[in-house]
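Written out below as structure tokens is the structure these notes cover.
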Amino acid sequence: MSGALLDARLVVERGAFRLDVPLRVAPGEVVALLGPNGAGKTTALRALAGLHPLTNGHVTLDGIDLDRPATRGWVPTERRSIGVVFQDYLLFPHLSALDNVAFGPRRHGVDRRASRATAREWLGRVGLSAQAHRRPRQLSGGQAQRVALARALAVAPALLLLDEPLAALDARTRLDTRAELHRHLSAHPGATVLVTHDPLDALALADRLVIVEGGRVVQEGDGPSVTARPRTDYVARLVGLNLYRGRAEGHGVRVAPELTLTVADRLDGEAFVAFRPAAVALHPTRPEGSPRNTWAGTVAGVQRHGDNVRVQLDGPIGVAADVTPAAAAQLRLAQGQRVWVAVKAAETHAYPATG
Amino acid sequence: MTQVRDHTAPRRRGRVPAALLVPAGLGLLFLVLPLAGLVIRAPWTTLPQRLTEPGALTALRLSVQTATLATVLCLLLGVPLAWMLARVEFPGRRLVRALVTVPLVLPPVVGGVALLLVFGRRGLLGGWLDATFGITLPFTTAGVVLAESFVAMPFLVIAVEGALRAADHRYEEAAATLGASRWTTFTHVTLPLVAPGLAAGAVLCWARALGEFGATITFAGNYPGRTQTMPLAVYLALETDLESAIVLSLVLLVVSVGILVALRDRWMTSA
């Protein structure tokens, strides 16, 4: 990736919290910073925008150092080639949609008429020509989001930053807006960094995911590889997988002192084992002569999950199992009940934990 | 235990205690009665004639002019001061904020004396102004504006600073990401956002300047046509012509009520 438009190592220290995230984004690429609340995603975004100075590291955009504490290099926010879509949009309440979008071009030295022409064009692109003269408070959530996007893109930024761009929308608007946003992000020639805690948004919008937890990158890759091979509990939960770490020897991975899982893959050393909750079978008694991965567990919780019932089980390893309501009724599942847990080796997926 | 309760009766929170009701009523009466007295004692038959007397008109014009100029001066100096207090972290900010509010609690006469000591002909700055530019401030119309500004500016600064603190500063960050310098952000985003608070502050400031008496008479004196504003004219008239004083007071009362109505209708309800 020598052709990175954005090359950054974001180090921000704030009290006990330390953010240290390396980030390289190629032209036209969309990278999602995905992580739980408090992981430091928004701080990373603010550092890129120059709204929060770095403690260390650097932000280099298109070969220019925007922030490099070591050499005291600093370009203030207003002189960076960036566009930001804030979580609650922050459209200027005293300006019409058109003037909101024209604000950026106007500040970049374009005269009033040309700025408005650009703004009109962008509003057209996001399908809001008819709402050009409305004030932000007269716009729906989805419309405001599109105005905010048009406003950020109207300055043709080299780096587009989006902070939870869909979080403020209701579920229905979110679906439409997500598809439309994807179209615009794909068309954006510059680098795009978006911050979200929603895996669906990240998978739908980004070419590459960077998972941040506790201020550090814990996993990185494109959507399919991250969802297939989660490396932390957070990611596993996001994509709905059971995930364990252990020591592999051939087809066995020791995930707990008294439990070794038999897996289809063959590998050695530190490894992850992942399997879907639906791959877990529950039995009232020890199953005879069938799957090799069986152990006794205790029901810790039962709740509805889509069409199925999700059962949380304690035991040598905690595990989530999805069973049909009929099966759940047959087993008479209740908290504290002991059941036998079985997972077929063929349903597991094991991969090295290192590298 | 045998008491029967009527459950159909609307729930009550109990009677208003007399210990609160009586003083509350007295307080209201105390505030309203003098104003009513002013209206009752007004010489309504000779009112038009008295209003158009040259002395009254001159005082009114001077008052409106100086109060407006004082408000402009307060806006020019007070808004940046409020912005500094609300937006910039600097050492001693709390002290500065306290200093700004001093004229609010200071007796205006003391303010007038202080102004004389600084801007008087032999004052700290006055002597230099006189010698270098030939500018004399005490006992001039400019002096009236200065005295009124001194007393009225805290009202503006406090109102605008409050509005700035209440306004979401992230709009300013959004403006910066769009390429706006701090000054452009101030004029194009911050000021429009705090416009209601700014207007309310300016009106309060204007009203306070219009009613200024103590600092004005101390620093600018009482020369008809030059430094004699309405409050000064009222005071002077009281010693010679009671009815005239009543009429001038009535004018100030009408202006004050007008401001109150304007504030309620235009800003207070929307805020």
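As shown in the structure tokens, the chain order sets the letters A, B, ...; within each chain, residues go from 1, and ligands are also counted from 1 in the order they appear.
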
Would you mind listing what lies within 12 Å of Leu128 in chain A as a PyMOL selection string, with only C-alpha atoms counted and same-chain residues fewer than 4 positions away left out? chain A and resi 97-98+101+119-124+132-134+139-140+142-150

From a DSSP pass on the backbone, collect the residues of range 45-161 of chain B flagged as helix (DSSP H, G or I) and hand them back as a ChimeraX atom specification. /B:45-51,54-87,93-105,108-119,126-133,141-161

Would you list which chain B residues are within 7 Å of chain A using only C-alpha atoms, as number ranges by chain? B: 171, 174, 176-181, 192

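The nearest approach to Leu175 in chain A among the residues A:Val210, A:Gly269, A:Ala204, A:Gln131, with only C-alpha atoms taken into account, belongs to A:Ala204.
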
Excluding Thr218 in chain B and any residue of its chain fewer than 4 positions from it, enumerate the residues within 12 Å of it, using only C-alpha atoms, and give them as number ranges by chain. B: 107-117, 120, 138-140, 143-144, 146-148, 212-214, 222-223, 227-228, 232

Test item: residues at most 7 Å from Phe155 in chain B, only C-alpha atoms, excluding those fewer than 2 positions along its chain, as number ranges by chain: B: 152-153, 157-159, 201, 204-205

Give me, please, the distance in Å between CA of Val261 in chain B and CA of Leu77 in chain B, quoted to one decimal. 27.1 Å

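Using only C-alpha atoms for every distance, the candidate list A:Gly40, A:Gly289, A:Gly306, A:Pro136 yields A:Gly40 as the residue closest to His197 in chain A.
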
10 Å contact set for Leu200 in chain A, only C-alpha atoms, chain neighbours under 5 positions out, as a PyMOL selection string: chain A and resi 178+205-206+223+238-239

For the residues selected in the previous step, produce a file with C-alpha atoms as a JSON list (two decimals), in the first residue's frame.
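Output file part-v8.json follows:
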[["chain", "number", "residue", "atom", "x", "y", "z"],
["A", 178, "ARG", "CA", -27.21, 3.27, 4.11],
["A", 205, "LEU", "CA", -20.16, 0.82, 3.68],
["A", 206, "ALA", "CA", -16.48, -0.03, 4.08],
["A", 223, "GLY", "CA", -15.52, -7.77, 5.75],
["A", 238, "LEU", "CA", -20.74, -8.62, 16.59],
["A", 239, "VAL", "CA", -20.82, -11.33, 13.93]]

Report as an NGL selection string all protein, DNA and RNA residues lying within 12 Å of Val263 in chain A, evaluated on only C-alpha atoms, omitting residues in the same chain fewer than 2 positions from it. :A and (248-255 or 260-261 or 265-268 or 271-275 or 291-293 or 343-351)

Residue neighbourhood Leu156 in chain B, 9 Å, only C-alpha atoms, exclusion window fewer than 6 positions, as number ranges by chain: B: 71, 74-75, 78-79, 82, 198, 200-205

Please identify the strand (DSSP E or B) residues within range 13-196 of chain A (assignment by DSSP from backbone atoms) and present them as a tab-separated table (two decimals) with N, CA, C and O atoms, in the first residue's frame.
chain	number	residue	atom	x	y	z
A	13	GLU	N	-2.98	10.61	24.20
A	13	GLU	CA	-3.01	10.19	25.60
A	13	GLU	C	-3.88	11.16	26.36
A	13	GLU	O	-3.72	12.38	26.25
A	14	ARG	N	-4.82	10.59	27.09
A	14	ARG	CA	-5.71	11.44	27.87
A	14	ARG	C	-5.93	10.76	29.20
A	14	ARG	O	-6.70	9.82	29.30
A	17	PHE	N	-6.22	6.90	29.58
A	17	PHE	CA	-6.56	6.36	28.27
A	17	PHE	C	-5.46	6.66	27.26
A	17	PHE	O	-4.95	7.77	27.19
A	18	ARG	N	-5.11	5.63	26.47
A	18	ARG	CA	-4.13	5.85	25.41
A	18	ARG	C	-4.66	5.25	24.13
A	18	ARG	O	-5.03	4.09	24.04
A	19	LEU	N	-4.73	6.10	23.12
A	19	LEU	CA	-5.15	5.66	21.80
A	19	LEU	C	-3.90	5.52	20.96
A	19	LEU	O	-3.04	6.40	20.95
A	20	ASP	N	-3.76	4.38	20.30
A	20	ASP	CA	-2.62	4.20	19.41
A	20	ASP	C	-3.10	3.39	18.21
A	20	ASP	O	-3.18	2.16	18.26
A	21	VAL	N	-3.44	4.10	17.15
A	21	VAL	CA	-4.04	3.44	15.98
A	21	VAL	C	-3.29	3.83	14.71
A	21	VAL	O	-3.31	4.99	14.30
A	22	PRO	N	-2.60	2.88	14.09
A	22	PRO	CA	-2.02	3.16	12.78
A	22	PRO	C	-3.12	3.04	11.72
A	22	PRO	O	-4.00	2.19	11.83
A	23	LEU	N	-3.05	3.90	10.72
A	23	LEU	CA	-4.13	3.92	9.75
A	23	LEU	C	-3.59	4.38	8.40
A	23	LEU	O	-2.97	5.43	8.30
A	24	ARG	N	-3.81	3.54	7.37
A	24	ARG	CA	-3.42	3.93	6.02
A	24	ARG	C	-4.62	3.73	5.12
A	24	ARG	O	-5.24	2.67	5.15
A	25	VAL	N	-4.95	4.74	4.36
A	25	VAL	CA	-6.12	4.65	3.51
A	25	VAL	C	-5.74	5.08	2.10
A	25	VAL	O	-5.16	6.16	1.90
A	30	VAL	N	-12.63	3.07	1.43
A	30	VAL	CA	-13.44	3.40	2.59
A	30	VAL	C	-13.04	2.46	3.73
A	30	VAL	O	-13.13	1.25	3.60
A	31	VAL	N	-12.55	3.06	4.81
A	31	VAL	CA	-12.13	2.27	5.96
A	31	VAL	C	-13.06	2.58	7.13
A	31	VAL	O	-13.34	3.74	7.41
A	32	ALA	N	-13.55	1.53	7.76
A	32	ALA	CA	-14.41	1.72	8.93
A	32	ALA	C	-13.62	1.43	10.19
A	32	ALA	O	-12.98	0.39	10.30
A	33	LEU	N	-13.65	2.38	11.13
A	33	LEU	CA	-13.14	2.12	12.47
A	33	LEU	C	-14.32	1.60	13.26
A	33	LEU	O	-15.29	2.31	13.50
A	34	LEU	N	-14.25	0.33	13.62
A	34	LEU	CA	-15.37	-0.31	14.29
A	34	LEU	C	-14.92	-0.69	15.70
A	34	LEU	O	-13.83	-1.21	15.89
A	56	ASN	N	1.39	12.01	20.00
A	56	ASN	CA	2.54	11.45	19.31
A	56	ASN	C	2.07	10.88	17.98
A	56	ASN	O	0.88	10.87	17.71
A	57	GLY	N	3.01	10.38	17.16
A	57	GLY	CA	2.61	9.82	15.88
A	57	GLY	C	2.50	10.89	14.82
A	57	GLY	O	3.19	11.92	14.91
A	58	HIS	N	1.64	10.67	13.82
A	58	HIS	CA	1.54	11.66	12.76
A	58	HIS	C	0.25	11.47	11.95
A	58	HIS	O	-0.33	10.39	11.95
A	59	VAL	N	-0.15	12.54	11.29
A	59	VAL	CA	-1.22	12.47	10.30
A	59	VAL	C	-0.65	13.08	9.02
A	59	VAL	O	-0.30	14.26	9.01
A	60	THR	N	-0.52	12.26	7.99
A	60	THR	CA	0.00	12.76	6.73
A	60	THR	C	-1.05	12.53	5.66
A	60	THR	O	-1.48	11.41	5.44
A	61	LEU	N	-1.46	13.60	5.01
A	61	LEU	CA	-2.49	13.50	3.99
A	61	LEU	C	-1.91	14.02	2.68
A	61	LEU	O	-1.47	15.16	2.60
A	64	ILE	N	1.45	15.63	2.88
A	64	ILE	CA	1.65	16.80	3.74
A	64	ILE	C	1.38	16.41	5.19
A	64	ILE	O	0.36	15.78	5.49
A	65	ASP	N	2.33	16.77	6.08
A	65	ASP	CA	2.12	16.50	7.50
A	65	ASP	C	1.08	17.46	8.06
A	65	ASP	O	1.30	18.67	8.08
A	66	LEU	N	-0.04	16.91	8.49
A	66	LEU	CA	-1.06	17.78	9.10
A	66	LEU	C	-0.80	17.92	10.59
A	66	LEU	O	-1.13	18.93	11.20
A	67	ASP	N	-0.26	16.86	11.17
A	67	ASP	CA	0.01	16.87	12.60
A	67	ASP	C	1.18	15.91	12.84
A	67	ASP	O	1.10	14.74	12.48
A	68	ARG	N	2.24	16.42	13.40
A	68	ARG	CA	3.38	15.58	13.75
A	68	ARG	C	4.06	16.23	14.95
A	68	ARG	O	4.91	17.12	14.80
A	73	GLY	N	4.88	19.90	13.64
A	73	GLY	CA	4.11	20.15	12.42
A	73	GLY	C	2.63	20.19	12.75
A	73	GLY	O	2.13	19.30	13.43
A	74	TRP	N	1.98	21.21	12.30
A	74	TRP	CA	0.55	21.35	12.63
A	74	TRP	C	-0.16	22.18	11.58
A	74	TRP	O	0.24	23.31	11.30
A	82	ILE	N	-10.37	18.40	4.36
A	82	ILE	CA	-11.22	17.37	4.96
A	82	ILE	C	-12.69	17.75	4.85
A	82	ILE	O	-13.04	18.90	4.62
A	83	GLY	N	-13.53	16.76	4.96
A	83	GLY	CA	-14.97	16.98	5.09
A	83	GLY	C	-15.42	16.08	6.21
A	83	GLY	O	-14.98	14.94	6.31
A	84	VAL	N	-16.25	16.61	7.12
A	84	VAL	CA	-16.68	15.82	8.26
A	84	VAL	C	-18.20	15.75	8.30
A	84	VAL	O	-18.87	16.78	8.20
A	85	VAL	N	-18.72	14.54	8.44
A	85	VAL	CA	-20.15	14.37	8.72
A	85	VAL	C	-20.25	13.99	10.18
A	85	VAL	O	-19.79	12.92	10.59
A	159	LEU	N	-9.87	13.91	2.29
A	159	LEU	CA	-10.21	12.96	3.34
A	159	LEU	C	-11.62	13.25	3.85
A	159	LEU	O	-11.91	14.34	4.33
A	160	LEU	N	-12.48	12.25	3.70
A	160	LEU	CA	-13.85	12.39	4.20
A	160	LEU	C	-13.97	11.60	5.49
A	160	LEU	O	-13.56	10.44	5.57
A	161	LEU	N	-14.50	12.25	6.52
A	161	LEU	CA	-14.62	11.62	7.83
A	161	LEU	C	-16.10	11.56	8.22
A	161	LEU	O	-16.80	12.57	8.14
A	162	LEU	N	-16.54	10.40	8.65
A	162	LEU	CA	-17.93	10.27	9.07
A	162	LEU	C	-17.99	9.65	10.46
A	162	LEU	O	-17.40	8.61	10.71
A	163	ASP	N	-18.69	10.34	11.37
A	163	ASP	CA	-18.81	9.86	12.74
A	163	ASP	C	-20.21	9.27	12.93
A	163	ASP	O	-21.19	10.02	12.96
A	191	ALA	N	-9.87	9.62	0.23
A	191	ALA	CA	-9.91	8.59	1.26
A	191	ALA	C	-11.10	8.84	2.17
A	191	ALA	O	-11.48	9.99	2.40
A	192	THR	N	-11.69	7.77	2.66
A	192	THR	CA	-12.82	7.91	3.58
A	192	THR	C	-12.58	7.09	4.83
A	192	THR	O	-12.19	5.94	4.75
A	193	VAL	N	-12.76	7.73	5.98
A	193	VAL	CA	-12.69	7.02	7.25
A	193	VAL	C	-14.03	7.20	7.94
A	193	VAL	O	-14.49	8.32	8.12
A	194	LEU	N	-14.67	6.10	8.27
A	194	LEU	CA	-15.93	6.23	8.99
A	194	LEU	C	-15.84	5.47	10.29
A	194	LEU	O	-15.16	4.44	10.40
A	195	VAL	N	-16.50	6.04	11.28
A	195	VAL	CA	-16.45	5.49	12.63
A	195	VAL	C	-17.83	4.96	12.96
A	195	VAL	O	-18.82	5.63	12.69
A	196	THR	N	-17.91	3.75	13.46
A	196	THR	CA	-19.23	3.22	13.80
A	196	THR	C	-19.09	2.12	14.84
A	196	THR	O	-18.02	1.53	15.01

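Going from CA of Leu6 in chain A over to CA of Leu54 in chain A, you cover 15.4 Å.
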
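CA of Val341 in chain A to CA of Thr354 in chain A spans 28.6 Å [interatomic distance, one decimal].
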
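Residue nearest Gly246 in chain A, chosen from A:Gly336, A:Pro224, A:Pro352, A:Pro277 and counting only C-alpha atoms: A:Pro352.
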